[in-house]
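The data block below is protein27.txt; it holds compact mmCIF, C-alpha atoms.
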# COMPACT_ATOMS: atom_id res chain seq x y z
CA MET A 17 -90.41 23.17 68.59
CA THR A 18 -89.13 21.91 71.91
CA GLY A 19 -85.51 22.15 72.93
CA PRO A 20 -83.11 19.37 73.95
CA GLY A 21 -83.95 19.62 77.63
CA THR A 22 -87.66 19.24 76.97
CA THR A 23 -87.15 16.19 74.77
CA GLN A 24 -84.87 14.46 77.25
CA SER A 25 -87.27 15.05 80.14
CA ALA A 26 -90.12 13.69 78.01
CA VAL A 27 -88.12 10.53 77.34
CA SER A 28 -87.40 10.15 81.04
CA ARG A 29 -91.18 10.19 81.60
CA GLY A 30 -91.62 7.35 79.10
CA GLN A 31 -92.87 9.53 76.27
CA GLN A 32 -91.89 9.06 72.65
CA ALA A 33 -89.01 11.11 71.21
CA ARG A 34 -90.13 12.37 67.82
CA ALA A 35 -88.12 14.18 65.19
CA GLY A 36 -89.37 17.61 64.20
CA ARG A 37 -90.43 18.42 60.65
CA SER A 38 -87.08 19.97 59.69
CA GLU A 39 -85.20 17.03 61.20
CA SER A 40 -87.34 14.57 59.24
CA VAL A 41 -86.74 16.50 56.01
CA ARG A 42 -82.95 16.44 56.57
CA PHE A 43 -83.12 12.76 57.48
CA VAL A 44 -85.07 11.80 54.36
CA ALA A 45 -82.86 13.98 52.15
CA GLY A 46 -79.75 12.38 53.62
CA ARG A 47 -81.17 9.00 52.72
CA ALA A 48 -82.42 9.77 49.23
CA LEU A 49 -79.84 12.13 47.73
CA PRO A 50 -76.83 9.74 47.84
CA LEU A 51 -78.88 7.17 45.91
CA PHE A 52 -79.70 9.67 43.17
CA VAL A 53 -76.22 11.18 43.02
CA ARG A 54 -74.03 8.09 43.28
CA GLY A 55 -76.26 5.23 42.22
CA PRO A 56 -76.83 2.03 44.20
CA GLY A 57 -73.38 0.53 43.56
CA GLY A 58 -71.46 2.96 45.74
CA ALA A 59 -72.35 1.24 49.04
CA ARG A 60 -72.55 4.66 50.61
CA PRO A 61 -74.32 4.95 53.98
CA ALA A 62 -77.86 6.11 53.34
CA PHE A 63 -77.89 8.56 56.26
CA SER A 64 -75.60 11.50 56.93
CA ALA A 65 -73.47 11.11 60.06
CA ASP A 66 -73.91 14.82 60.77
CA THR A 67 -77.70 14.42 60.71
CA LEU A 68 -77.57 11.39 63.01
CA ARG A 69 -75.23 13.14 65.45
CA ALA A 70 -77.56 16.14 65.55
CA LEU A 71 -80.54 13.87 66.26
CA ARG A 72 -78.64 12.12 69.05
CA ALA A 73 -77.55 15.38 70.65
CA ARG A 74 -81.01 16.91 70.53
CA HIS A 75 -82.85 13.85 71.85
CA GLY A 76 -80.34 12.72 74.44
CA GLY A 77 -79.46 9.52 72.58
CA ALA A 78 -83.01 8.14 72.85
CA PRO A 79 -84.52 6.20 69.93
CA VAL A 80 -86.21 8.74 67.68
CA LEU A 81 -89.30 8.17 65.56
CA VAL A 82 -88.72 9.78 62.17
CA ARG A 83 -91.36 10.17 59.48
CA GLY A 84 -89.92 9.03 56.14
CA LEU A 85 -91.19 8.71 52.60
CA SER A 86 -92.53 5.21 53.25
CA GLY A 87 -93.71 5.68 56.84
CA ALA A 88 -92.29 6.03 60.33
CA VAL A 89 -88.89 4.60 61.25
CA LEU A 90 -87.51 4.21 64.78
CA VAL A 91 -83.83 5.17 64.61
CA LEU A 92 -81.39 3.80 67.22
CA LEU A 93 -78.74 6.41 68.00
CA ASP A 94 -77.12 5.18 71.22
CA ARG A 95 -75.04 2.07 71.77
CA GLN A 96 -77.15 0.94 74.75
CA GLU A 97 -79.87 -0.10 72.26
CA LEU A 98 -77.53 -2.15 70.06
CA ARG A 99 -77.71 -5.37 72.10
CA GLN A 100 -81.51 -5.33 72.12
CA PHE A 101 -81.55 -4.81 68.35
CA TYR A 102 -79.14 -7.67 67.62
CA ASP A 103 -80.80 -10.06 70.08
CA ALA A 104 -84.21 -9.63 68.42
CA GLU A 105 -84.96 -12.33 65.86
CA PRO A 106 -85.53 -10.71 62.45
CA ALA A 107 -89.08 -10.96 61.14
CA GLY A 108 -87.68 -12.37 57.91
CA ALA A 109 -85.31 -14.85 59.54
CA LEU A 110 -84.49 -17.82 57.33
CA PRO A 111 -85.17 -21.32 58.67
CA PRO A 112 -82.30 -23.79 59.15
CA ALA A 113 -81.13 -25.32 55.91
CA ALA A 114 -82.72 -28.67 55.07
CA PRO A 115 -80.54 -31.72 54.42
CA ALA A 116 -79.38 -32.07 50.83
CA PRO A 117 -81.25 -34.61 48.70
CA PRO A 118 -79.48 -37.94 48.11
CA GLY A 119 -76.90 -37.77 45.39
CA THR A 120 -76.29 -34.01 45.58
CA GLY A 121 -73.01 -32.44 46.63
CA GLU A 122 -72.22 -30.44 49.72
CA ILE A 123 -70.52 -27.06 49.92
CA ARG A 124 -66.78 -27.68 50.15
CA SER A 125 -64.70 -28.05 53.29
CA CYS A 126 -62.34 -25.24 54.37
CA GLY A 127 -59.36 -27.09 52.91
CA ALA A 128 -61.10 -27.59 49.58
CA VAL A 129 -62.14 -23.93 49.51
CA ARG A 130 -58.55 -22.80 50.06
CA SER A 131 -57.35 -25.09 47.25
CA ILE A 132 -59.90 -23.64 44.85
CA ILE A 133 -58.95 -20.08 45.85
CA ALA A 134 -55.26 -20.81 45.26
CA GLU A 135 -56.06 -22.04 41.75
CA GLU A 136 -58.44 -19.24 40.83
CA ALA A 137 -56.28 -16.42 42.25
CA ARG A 138 -53.96 -16.68 39.26
CA HIS A 139 -56.59 -14.72 37.31
CA LEU A 140 -56.20 -11.82 39.74
CA THR A 141 -52.45 -11.57 39.32
CA ALA A 142 -52.20 -12.33 35.60
CA ALA A 143 -52.15 -8.64 34.63
CA ALA A 144 -50.33 -5.57 35.91
CA THR A 145 -53.55 -3.92 37.08
CA LEU A 146 -56.52 -5.02 39.14
CA ASP A 147 -60.05 -3.62 39.02
CA LEU A 148 -63.60 -4.65 39.88
CA VAL A 149 -64.27 -6.42 36.56
CA ARG A 150 -61.35 -8.82 37.02
CA VAL A 151 -62.15 -9.40 40.69
CA ARG A 152 -65.81 -10.14 39.99
CA HIS A 153 -64.90 -12.67 37.28
CA THR A 154 -62.50 -14.51 39.60
CA VAL A 155 -64.84 -14.57 42.58
CA ALA A 156 -67.76 -15.75 40.41
CA ARG A 157 -65.72 -18.69 39.08
CA ALA A 158 -64.54 -19.62 42.56
CA ALA A 159 -68.07 -19.33 43.97
CA ARG A 160 -69.52 -21.64 41.32
CA ARG A 161 -66.83 -24.24 42.01
CA ILE A 162 -67.26 -24.00 45.79
CA VAL A 163 -71.05 -24.18 45.78
CA LEU A 164 -71.97 -26.08 42.61
CA GLY A 165 -68.85 -28.15 41.89
CA ASP A 166 -65.87 -27.99 39.56
CA ALA A 167 -67.96 -28.62 36.45
CA ALA A 168 -69.69 -25.28 36.99
CA ALA A 169 -66.46 -23.27 36.66
CA ALA A 170 -66.60 -23.31 32.87
CA GLY A 171 -70.05 -21.71 32.85
CA ASP A 172 -70.54 -18.06 32.04
CA GLY A 173 -72.76 -17.38 35.02
CA GLN A 174 -75.94 -18.80 33.50
CA LEU A 175 -75.93 -21.60 36.06
CA THR A 176 -76.32 -19.10 38.87
CA GLY A 177 -79.38 -17.55 37.23
CA LEU A 178 -80.85 -20.96 36.43
CA LEU A 179 -80.46 -22.00 40.05
CA GLY A 180 -82.32 -18.89 41.18
CA ARG A 181 -85.17 -19.61 38.78
CA LEU A 182 -85.28 -23.24 39.93
CA ARG A 183 -85.60 -22.02 43.52
CA ARG A 184 -88.44 -19.62 42.69
CA HIS A 185 -90.41 -22.10 40.57
CA GLY A 186 -89.64 -24.96 42.94
CA ARG A 187 -91.13 -23.01 45.82
CA GLU A 188 -94.36 -22.57 43.89
CA ARG A 189 -94.64 -26.30 43.21
CA ALA A 190 -93.22 -27.46 46.54
CA GLY A 191 -95.11 -24.96 48.69
CA THR A 192 -97.55 -27.68 49.76
CA ALA A 193 -95.12 -30.58 49.46
CA ASP A 194 -93.87 -32.41 52.52
CA GLY A 195 -90.32 -31.34 53.37
CA HIS A 196 -89.31 -35.01 53.47
CA THR A 197 -90.41 -35.70 49.88
CA LEU A 198 -87.88 -35.57 47.08
CA LEU A 199 -89.57 -32.49 45.59
CA GLY A 200 -89.63 -30.63 48.88
CA ARG A 201 -86.03 -31.51 49.70
CA ALA A 202 -84.81 -30.62 46.20
CA ALA A 203 -86.42 -27.18 46.43
CA ALA A 204 -84.86 -26.62 49.86
CA TYR A 205 -81.45 -27.66 48.52
CA ALA A 206 -81.72 -25.28 45.54
CA ASP A 207 -82.74 -22.51 47.94
CA ARG A 208 -79.75 -23.18 50.19
CA GLU A 209 -77.26 -23.19 47.33
CA ASP A 210 -78.73 -20.03 45.82
CA ARG A 211 -78.44 -18.30 49.20
CA ALA A 212 -74.81 -19.42 49.46
CA LEU A 213 -74.04 -17.91 46.06
CA ARG A 214 -75.81 -14.66 46.90
CA ALA A 215 -73.88 -14.48 50.19
CA MET A 216 -70.70 -14.14 48.10
CA ASP A 217 -71.96 -11.15 46.12
CA GLY A 218 -70.25 -8.69 48.47
CA ILE A 219 -66.83 -10.37 48.34
CA PRO A 220 -65.45 -8.53 45.25
CA ALA A 221 -66.03 -5.07 46.72
CA THR A 222 -64.59 -6.04 50.13
CA LEU A 223 -61.55 -7.72 48.54
CA LEU A 224 -60.78 -4.70 46.37
CA ARG A 225 -61.20 -2.24 49.27
CA THR A 226 -58.99 -4.36 51.54
CA LEU A 227 -56.22 -4.51 48.93
CA LEU A 228 -56.54 -0.76 48.36
CA LEU A 229 -56.14 -0.09 52.09
CA LEU A 230 -53.11 -2.40 52.23
CA GLY A 231 -51.65 -0.64 49.19
CA THR A 232 -52.07 2.66 51.02
CA HIS A 233 -50.43 1.31 54.21
CA PRO A 234 -47.09 -0.25 53.06
CA ALA A 235 -45.98 -1.39 56.53
CA GLU A 236 -49.26 -3.24 57.11
CA GLN A 237 -49.01 -4.73 53.61
CA ASP A 238 -45.47 -6.03 54.25
CA ALA A 239 -46.53 -7.63 57.53
CA ALA A 240 -49.58 -9.24 55.91
CA ALA A 241 -47.49 -10.48 52.96
CA ALA A 242 -44.95 -12.00 55.35
CA GLU A 243 -47.79 -13.80 57.13
CA ALA A 244 -49.20 -15.06 53.83
CA ALA A 245 -45.79 -16.37 52.78
CA GLY A 246 -45.06 -17.96 56.17
CA SER A 247 -44.94 -21.61 57.05
CA GLY A 248 -47.86 -21.56 59.46
CA ALA A 249 -50.76 -23.98 59.19
CA PRO A 250 -53.09 -23.33 56.23
CA GLY A 251 -55.82 -20.92 57.11
CA GLU A 252 -54.03 -19.40 60.10
CA LEU A 253 -53.89 -15.82 58.86
CA PRO A 254 -54.96 -13.74 61.89
CA ARG A 255 -53.37 -10.51 60.63
CA LEU A 256 -55.03 -10.71 57.24
CA ARG A 257 -58.38 -11.66 58.78
CA ALA A 258 -58.05 -8.57 60.97
CA CYS A 259 -57.39 -6.45 57.86
CA VAL A 260 -60.57 -7.75 56.21
CA ARG A 261 -62.62 -7.17 59.37
CA GLU A 262 -61.28 -3.64 59.66
CA CYS A 263 -62.17 -2.96 56.04
CA LEU A 264 -65.71 -4.15 56.78
CA ARG A 265 -65.88 -1.92 59.84
CA LEU A 266 -64.99 1.09 57.71
CA TYR A 267 -67.03 -0.02 54.69
CA PRO A 268 -69.70 -2.54 55.73
CA ALA A 269 -71.46 -4.46 53.01
CA VAL A 270 -74.78 -3.32 54.53
CA PRO A 271 -74.28 0.14 56.09
CA ASP A 272 -77.82 0.37 57.54
CA LEU A 273 -79.64 -2.53 59.20
CA ILE A 274 -83.42 -2.80 59.50
CA ARG A 275 -85.70 -4.99 61.63
CA VAL A 276 -89.49 -5.14 61.64
CA THR A 277 -90.65 -6.11 65.12
CA ARG A 278 -92.79 -9.23 65.54
CA THR A 279 -94.45 -8.13 68.78
CA GLU A 280 -94.97 -5.00 70.82
CA THR A 281 -91.51 -3.89 71.98
CA ALA A 282 -90.26 -1.38 74.53
CA TRP A 283 -87.28 0.85 73.76
CA ARG A 284 -86.10 2.84 76.79
CA GLY A 285 -89.47 2.36 78.44
CA VAL A 286 -91.49 3.52 75.43
CA ARG A 287 -93.67 0.79 73.93
CA HIS A 288 -94.01 0.43 70.16
CA PRO A 289 -96.53 -1.81 68.37
CA ALA A 290 -95.69 -4.95 66.43
CA GLY A 291 -94.68 -4.16 62.88
CA THR A 292 -92.55 -1.16 63.85
CA THR A 293 -89.62 -0.58 61.47
CA VAL A 294 -86.42 -0.19 63.50
CA LEU A 295 -83.28 1.20 61.87
CA LEU A 296 -79.75 0.66 63.15
CA PRO A 297 -77.25 2.84 61.21
CA ALA A 298 -74.40 0.35 61.64
CA HIS A 299 -71.86 2.37 59.67
CA PHE A 300 -72.54 5.40 61.88
CA HIS A 301 -71.96 3.39 65.07
CA GLN A 302 -68.83 1.63 63.75
CA ARG A 303 -67.30 4.99 62.86
CA ASP A 304 -68.56 6.92 65.88
CA PRO A 305 -65.54 8.88 67.19
CA GLU A 306 -67.28 9.37 70.55
CA HIS A 307 -67.12 5.63 71.26
CA VAL A 308 -64.66 4.05 68.78
CA PRO A 309 -60.95 5.01 69.02
CA ALA A 310 -59.40 6.13 65.71
CA ALA A 311 -62.83 5.66 64.18
CA HIS A 312 -61.91 6.91 60.68
CA VAL A 313 -58.48 5.26 60.44
CA PHE A 314 -57.42 1.81 59.21
CA VAL A 315 -56.29 0.03 62.41
CA PRO A 316 -56.44 -3.77 61.89
CA GLY A 317 -54.78 -4.34 65.28
CA ARG A 318 -58.03 -3.50 67.06
CA TRP A 319 -59.41 -6.90 65.94
CA LYS A 320 -56.60 -8.80 67.69
CA THR A 321 -57.56 -7.61 71.17
CA PRO A 322 -59.49 -10.07 73.38
CA GLY A 323 -63.24 -9.83 72.92
CA ALA A 324 -63.03 -7.78 69.71
CA ASP A 325 -65.39 -10.16 67.89
CA GLU A 326 -68.06 -9.57 70.53
CA ASP A 327 -67.70 -5.78 70.68
CA ILE A 328 -71.28 -4.64 70.15
CA ARG A 329 -70.13 -1.30 68.69
CA MET A 330 -68.36 -2.96 65.77
CA ALA A 331 -70.33 -5.58 63.91
CA PRO A 332 -69.22 -6.17 60.30
CA PHE A 333 -71.35 -9.33 60.26
CA GLY A 334 -73.93 -8.40 62.87
CA HIS A 335 -74.63 -10.21 66.14
CA GLY A 336 -77.22 -12.61 67.51
CA PRO A 337 -79.97 -14.31 65.44
CA GLY A 338 -79.59 -11.77 62.64
CA ARG A 339 -75.87 -12.39 62.16
CA CYS A 340 -74.96 -12.85 58.51
CA PRO A 341 -75.22 -16.62 57.81
CA GLY A 342 -72.41 -16.48 55.24
CA ASP A 343 -69.90 -14.60 57.40
CA ARG A 344 -67.44 -17.45 57.94
CA LEU A 345 -67.36 -18.52 54.32
CA GLY A 346 -67.13 -14.92 53.11
CA LEU A 347 -64.31 -14.12 55.53
CA LEU A 348 -62.46 -17.31 54.60
CA ILE A 349 -62.67 -16.61 50.85
CA THR A 350 -61.77 -12.92 51.10
CA THR A 351 -58.81 -13.60 53.39
CA ALA A 352 -57.53 -16.44 51.22
CA LEU A 353 -57.75 -14.32 48.06
CA CYS A 354 -55.86 -11.46 49.76
CA ALA A 355 -53.16 -13.92 50.82
CA GLU A 356 -52.76 -15.32 47.30
CA VAL A 357 -52.41 -11.84 45.79
CA LEU A 358 -49.88 -10.74 48.41
CA ARG A 359 -47.79 -13.90 47.94
CA ARG A 360 -47.29 -13.03 44.28
CA ARG A 361 -47.49 -9.26 43.99
CA ARG A 362 -46.86 -5.94 45.69
CA ILE A 363 -49.85 -3.62 45.60
CA THR A 364 -49.78 0.08 44.81
CA ALA A 365 -52.94 2.16 44.78
CA THR A 366 -53.41 3.90 41.42
CA ARG A 367 -56.80 5.37 42.28
CA PRO A 368 -58.21 6.68 44.45
CA VAL A 369 -55.27 8.19 46.32
CA LEU A 370 -55.88 7.97 50.08
CA ASP A 371 -54.17 9.82 52.91
CA PRO A 372 -53.11 7.18 55.48
CA PRO A 373 -52.68 9.54 58.47
CA GLY A 374 -55.87 11.45 57.73
CA PRO A 375 -59.46 10.27 58.05
CA LEU A 376 -60.54 7.84 55.35
CA PRO A 377 -63.48 8.79 53.11
CA VAL A 378 -66.98 7.79 54.14
CA ALA A 379 -67.45 5.68 51.00
CA LEU A 380 -65.18 3.83 48.57
CA ASP A 381 -67.01 2.92 45.37
CA PRO A 382 -65.31 -0.30 44.17
CA ARG A 383 -66.03 0.68 40.57
CA GLY A 384 -63.53 3.52 40.92
CA ILE A 385 -60.70 1.46 42.47
CA ARG A 386 -57.70 0.57 40.33
CA LEU A 387 -54.58 -1.12 41.71
CA THR A 388 -51.12 -1.63 40.24
CA LEU A 389 -49.46 -5.01 40.81
CA THR A 390 -45.69 -5.57 40.63
CA ARG A 391 -43.52 -8.61 41.33
CA ARG A 392 -42.21 -9.08 44.85

Would you give me this structure, written as structure tokens?
Amino acid sequence: MTGPGTTQSAVSRGQQARAGRSESVRFVAGRALPLFVRGPGGARPAFSADTLRALRARHGGAPVLVRGLSGAVLVLLDRQELRQFYDAEPAGALPPAAPAPPGTGEIRSCGAVRSIIAEEARHLTAAATLDLVRVRHTVARAARRIVLGDAAAAGDGQLTGLLGRLRRHGRERAGTADGHTLLGRAAAYADREDRALRAMDGIPATLLRTLLLLGTHPAEQDAAAAEAAGSGAPGELPRLRACVRECLRLYPAVPDLIRVTRTETAWRGVRHPAGTTVLLPAHFHQRDPEHVPAAHVFVPGRWKTPGADEDIRMAPFGHGPGRCPGDRLGLLITTALCAEVLRRRRITATRPVLDPPGPLPVALDPRGIRLTLTRR
């Protein structure tokens, strides 16, 4: 097996950096074991940070081709490759949404969304405790009202499933239909609304984690609550938005991003064929202490510095063509729900118990979070 110097010199000559057998075994184990041990709901990064750091150190930060259970994966370990990754259009990119058919509703305006959130948030603060079950119920009701209309709020969730089935069957029938026909436009509308609902699936976990972090940092909670109770214009909650963004930096909804290249692509002078699977371990880069100050600490203030949204190292919603299409709506809803809770209640973390000065855990399973709510 070659040493670090040999690998780096090979990369400088335009040769491919490849992981050794033992590195590949550790890499695959780091990906598979958390899924078996914790289950898919834990939102734990699939790859060990220690393994990724070791790969980066050994290969000089060059992209490394790793043999996995389902084939080779090109892993991006240095921040200089991040811009190229985000600027590449995903192979599975979704086309722009088609206009809604005549007579159908549109997704609500920001003002209407905030009004719905204010009404639905009462379900979050109706009891003395808050957990994932209650949060999911509230977000699901709000999502149905925002996307499908007020009449959908009384449903038990069946409408969401019916919409998904309509989209799937409509595609089969409308696959050859002109996009300007009623059938084609109706299928496109159902597809758009279903995607909007699915984009909200990650809100409950992010909301619960954000409130847990605020419950663990009383000074930050008091400042956010003061902002929420202030007389500023509706929707102007920069501190709370920063708290949500920081939560997503620490615990991204999608810890590992994948692209499949459309054409032959060069990474650091090494050409790879079309169809290459490229992995960006986003969670690893967002918590990389070599490049991100206070990487494992809750510091919402970092998002209030100029240019923070464009910082390529920290991308809770991604960048470029692959940026999450529901980021603005998701951020609006999560921030508004946080504000409504903080206006009414003080939050204390019941479990898990976090150490504010110390590094935060790598993962926070929302199923294990329980908060205590008291009157302000």

* Compile the contact shell of Leu229 (chain A) as a VMD selection string: residues with an atom at most 12 Å away, counting only C-alpha atoms, same-chain residues fewer than 2 positions apart removed. => chain A and resid 222 to 227 231 to 237 240 256 259 to 260 262 to 264 266 to 267 313 to 316 354 363 to 372 376 to 377 380 385 to 387

* To do: Give me, please, the distance in Å between CA of Ala244 (chain A) and CA of Val129 (chain A), quoted to one decimal.
  =>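 Taking CA of Ala244 (chain A) and CA of Val129 (chain A), their separation equals 16.3 Å.
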
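Among A:Pro268, A:Leu90, A:Arg303, A:Asp166, the residue with the shortest atom-to-atom distance to Pro289 (chain A), counting all atoms listed in the file, is A:Leu90.
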
* To do: Would you please work out which residue, of A:Ala239, A:Ala70, A:Leu98, A:Leu92, is nearest to Met330 (chain A) when using all atoms listed in the file?
  => A:Leu98

* Between A:Pro220, A:Arg261, A:His299, A:Leu68, which has the minimum distance to Leu140 (chain A) (counting only C-alpha atoms)? -> A:Pro220

* Residues near Thr321 (chain A), cut-off 12 Å, only C-alpha atoms, skip fewer than 4 positions along chain, as a VMD selection string -> chain A and resid 254 to 255 258 315 to 317 325 to 327

* How many Å lie between CA of Ser64 (chain A) and CA of Arg318 (chain A), rounded to one decimal? -> 25.2 Å

* Asked: Suppose you want the space between CA of Thr388 (chain A) and CA of Ala142 (chain A); what is it in Å?
  -> 11.7 Å

* Nearest-residue call for Leu358 (chain A), choices A:Asp94, A:Glu243, A:Asp66, A:Glu136, using only C-alpha atoms ->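 Between A:Asp94, A:Glu243, A:Asp66, A:Glu136, the residue approaching Leu358 (chain A) most closely is A:Glu243.
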
* Closest of A:Ala324, A:Val91, A:Ala245, A:Ile133 to Val308 (chain A) - atom-to-atom distances counting all atoms listed in the file ->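 For Val308 (chain A), the nearest of the candidates is A:Ala324.
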
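Every protein or nucleic acid residue with an atom no more than 10 Å from Ala137 (chain A), counting only C-alpha atoms and leaving out same-chain residues fewer than 2 positions away, appears here: Ile132, Ile133, Ala134, Glu135, His139, Leu140, Thr141, Ala142, Val151, Thr154, Val155, Ala158, Ala352, Leu353, Cys354, Ala355, Glu356, Val357 and Arg360 of chain A.
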
* **Selected residue, from A:Leu228, A:Ala65, A:Leu148, A:Val89, that lies nearest to Arg275 (chain A) when counting all atoms listed in the file** => A:Val89

Please, can region 352-360 of chain A be completed to all heavy atoms and returned as a PDB file, keeping the file's coordinate frame?
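New file result_19.pdb:
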ATOM      1  N   ALA A 352     -58.364 -15.567  52.047  1.00  0.00           N
ATOM      2  CA  ALA A 352     -57.530 -16.440  51.220  1.00  0.00           C
ATOM      3  C   ALA A 352     -57.146 -15.761  49.906  1.00  0.00           C
ATOM      4  O   ALA A 352     -56.001 -15.881  49.439  1.00  0.00           O
ATOM      5  CB  ALA A 352     -58.269 -17.749  50.949  1.00  0.00           C
ATOM      6  N   LEU A 353     -58.073 -15.033  49.293  1.00  0.00           N
ATOM      7  CA  LEU A 353     -57.750 -14.320  48.060  1.00  0.00           C
ATOM      8  C   LEU A 353     -56.718 -13.219  48.309  1.00  0.00           C
ATOM      9  O   LEU A 353     -55.786 -13.031  47.512  1.00  0.00           O
ATOM     10  CB  LEU A 353     -59.019 -13.722  47.450  1.00  0.00           C
ATOM     11  CG  LEU A 353     -59.938 -14.704  46.724  1.00  0.00           C
ATOM     12  CD1 LEU A 353     -61.274 -14.055  46.403  1.00  0.00           C
ATOM     13  CD2 LEU A 353     -59.279 -15.229  45.448  1.00  0.00           C
ATOM     14  N   CYS A 354     -56.867 -12.478  49.396  1.00  0.00           N
ATOM     15  CA  CYS A 354     -55.860 -11.460  49.760  1.00  0.00           C
ATOM     16  C   CYS A 354     -54.488 -12.101  49.903  1.00  0.00           C
ATOM     17  O   CYS A 354     -53.476 -11.570  49.419  1.00  0.00           O
ATOM     18  CB  CYS A 354     -56.259 -10.774  51.066  1.00  0.00           C
ATOM     19  SG  CYS A 354     -57.537  -9.528  50.927  1.00  0.00           S
ATOM     20  N   ALA A 355     -54.437 -13.241  50.597  1.00  0.00           N
ATOM     21  CA  ALA A 355     -53.160 -13.920  50.820  1.00  0.00           C
ATOM     22  C   ALA A 355     -52.515 -14.342  49.502  1.00  0.00           C
ATOM     23  O   ALA A 355     -51.295 -14.166  49.304  1.00  0.00           O
ATOM     24  CB  ALA A 355     -53.371 -15.134  51.723  1.00  0.00           C
ATOM     25  N   GLU A 356     -53.308 -14.877  48.577  1.00  0.00           N
ATOM     26  CA  GLU A 356     -52.760 -15.320  47.300  1.00  0.00           C
ATOM     27  C   GLU A 356     -52.215 -14.146  46.490  1.00  0.00           C
ATOM     28  O   GLU A 356     -51.162 -14.253  45.840  1.00  0.00           O
ATOM     29  CB  GLU A 356     -53.832 -16.062  46.501  1.00  0.00           C
ATOM     30  CG  GLU A 356     -54.261 -17.386  47.107  1.00  0.00           C
ATOM     31  CD  GLU A 356     -53.110 -18.375  47.221  1.00  0.00           C
ATOM     32  OE1 GLU A 356     -52.211 -18.347  46.356  1.00  0.00           O
ATOM     33  OE2 GLU A 356     -53.099 -19.161  48.182  1.00  0.00           O
ATOM     34  N   VAL A 357     -52.903 -13.030  46.506  1.00  0.00           N
ATOM     35  CA  VAL A 357     -52.410 -11.840  45.790  1.00  0.00           C
ATOM     36  C   VAL A 357     -51.107 -11.354  46.405  1.00  0.00           C
ATOM     37  O   VAL A 357     -50.128 -11.051  45.696  1.00  0.00           O
ATOM     38  CB  VAL A 357     -53.471 -10.729  45.795  1.00  0.00           C
ATOM     39  CG1 VAL A 357     -52.888  -9.436  45.212  1.00  0.00           C
ATOM     40  CG2 VAL A 357     -54.698 -11.153  44.999  1.00  0.00           C
ATOM     41  N   LEU A 358     -51.068 -11.274  47.739  1.00  0.00           N
ATOM     42  CA  LEU A 358     -49.880 -10.740  48.410  1.00  0.00           C
ATOM     43  C   LEU A 358     -48.680 -11.676  48.283  1.00  0.00           C
ATOM     44  O   LEU A 358     -47.535 -11.222  48.344  1.00  0.00           O
ATOM     45  CB  LEU A 358     -50.191 -10.499  49.889  1.00  0.00           C
ATOM     46  CG  LEU A 358     -51.176  -9.351  50.170  1.00  0.00           C
ATOM     47  CD1 LEU A 358     -51.547  -9.318  51.649  1.00  0.00           C
ATOM     48  CD2 LEU A 358     -50.579  -8.011  49.749  1.00  0.00           C
ATOM     49  N   ARG A 359     -48.905 -12.970  48.134  1.00  0.00           N
ATOM     50  CA  ARG A 359     -47.790 -13.900  47.940  1.00  0.00           C
ATOM     51  C   ARG A 359     -47.078 -13.624  46.610  1.00  0.00           C
ATOM     52  O   ARG A 359     -45.870 -13.824  46.493  1.00  0.00           O
ATOM     53  CB  ARG A 359     -48.293 -15.347  47.938  1.00  0.00           C
ATOM     54  CG  ARG A 359     -48.636 -15.894  49.305  1.00  0.00           C
ATOM     55  CD  ARG A 359     -48.869 -17.399  49.243  1.00  0.00           C
ATOM     56  NE  ARG A 359     -49.354 -17.888  50.521  1.00  0.00           N
ATOM     57  CZ  ARG A 359     -50.604 -18.263  50.761  1.00  0.00           C
ATOM     58  NH1 ARG A 359     -51.487 -18.210  49.770  1.00  0.00           N
ATOM     59  NH2 ARG A 359     -50.968 -18.690  51.948  1.00  0.00           N
ATOM     60  N   ARG A 360     -47.843 -13.188  45.629  1.00  0.00           N
ATOM     61  CA  ARG A 360     -47.290 -13.030  44.280  1.00  0.00           C
ATOM     62  C   ARG A 360     -46.914 -11.602  43.920  1.00  0.00           C
ATOM     63  O   ARG A 360     -45.998 -11.374  43.138  1.00  0.00           O
ATOM     64  CB  ARG A 360     -48.323 -13.531  43.249  1.00  0.00           C
ATOM     65  CG  ARG A 360     -48.676 -14.993  43.334  1.00  0.00           C
ATOM     66  CD  ARG A 360     -49.805 -15.323  42.363  1.00  0.00           C
ATOM     67  NE  ARG A 360     -50.055 -16.744  42.224  1.00  0.00           N
ATOM     68  CZ  ARG A 360     -50.852 -17.445  43.008  1.00  0.00           C
ATOM     69  NH1 ARG A 360     -51.474 -16.839  44.006  1.00  0.00           N
ATOM     70  NH2 ARG A 360     -51.025 -18.740  42.822  1.00  0.00           N
TER      71      ARG A 360
END
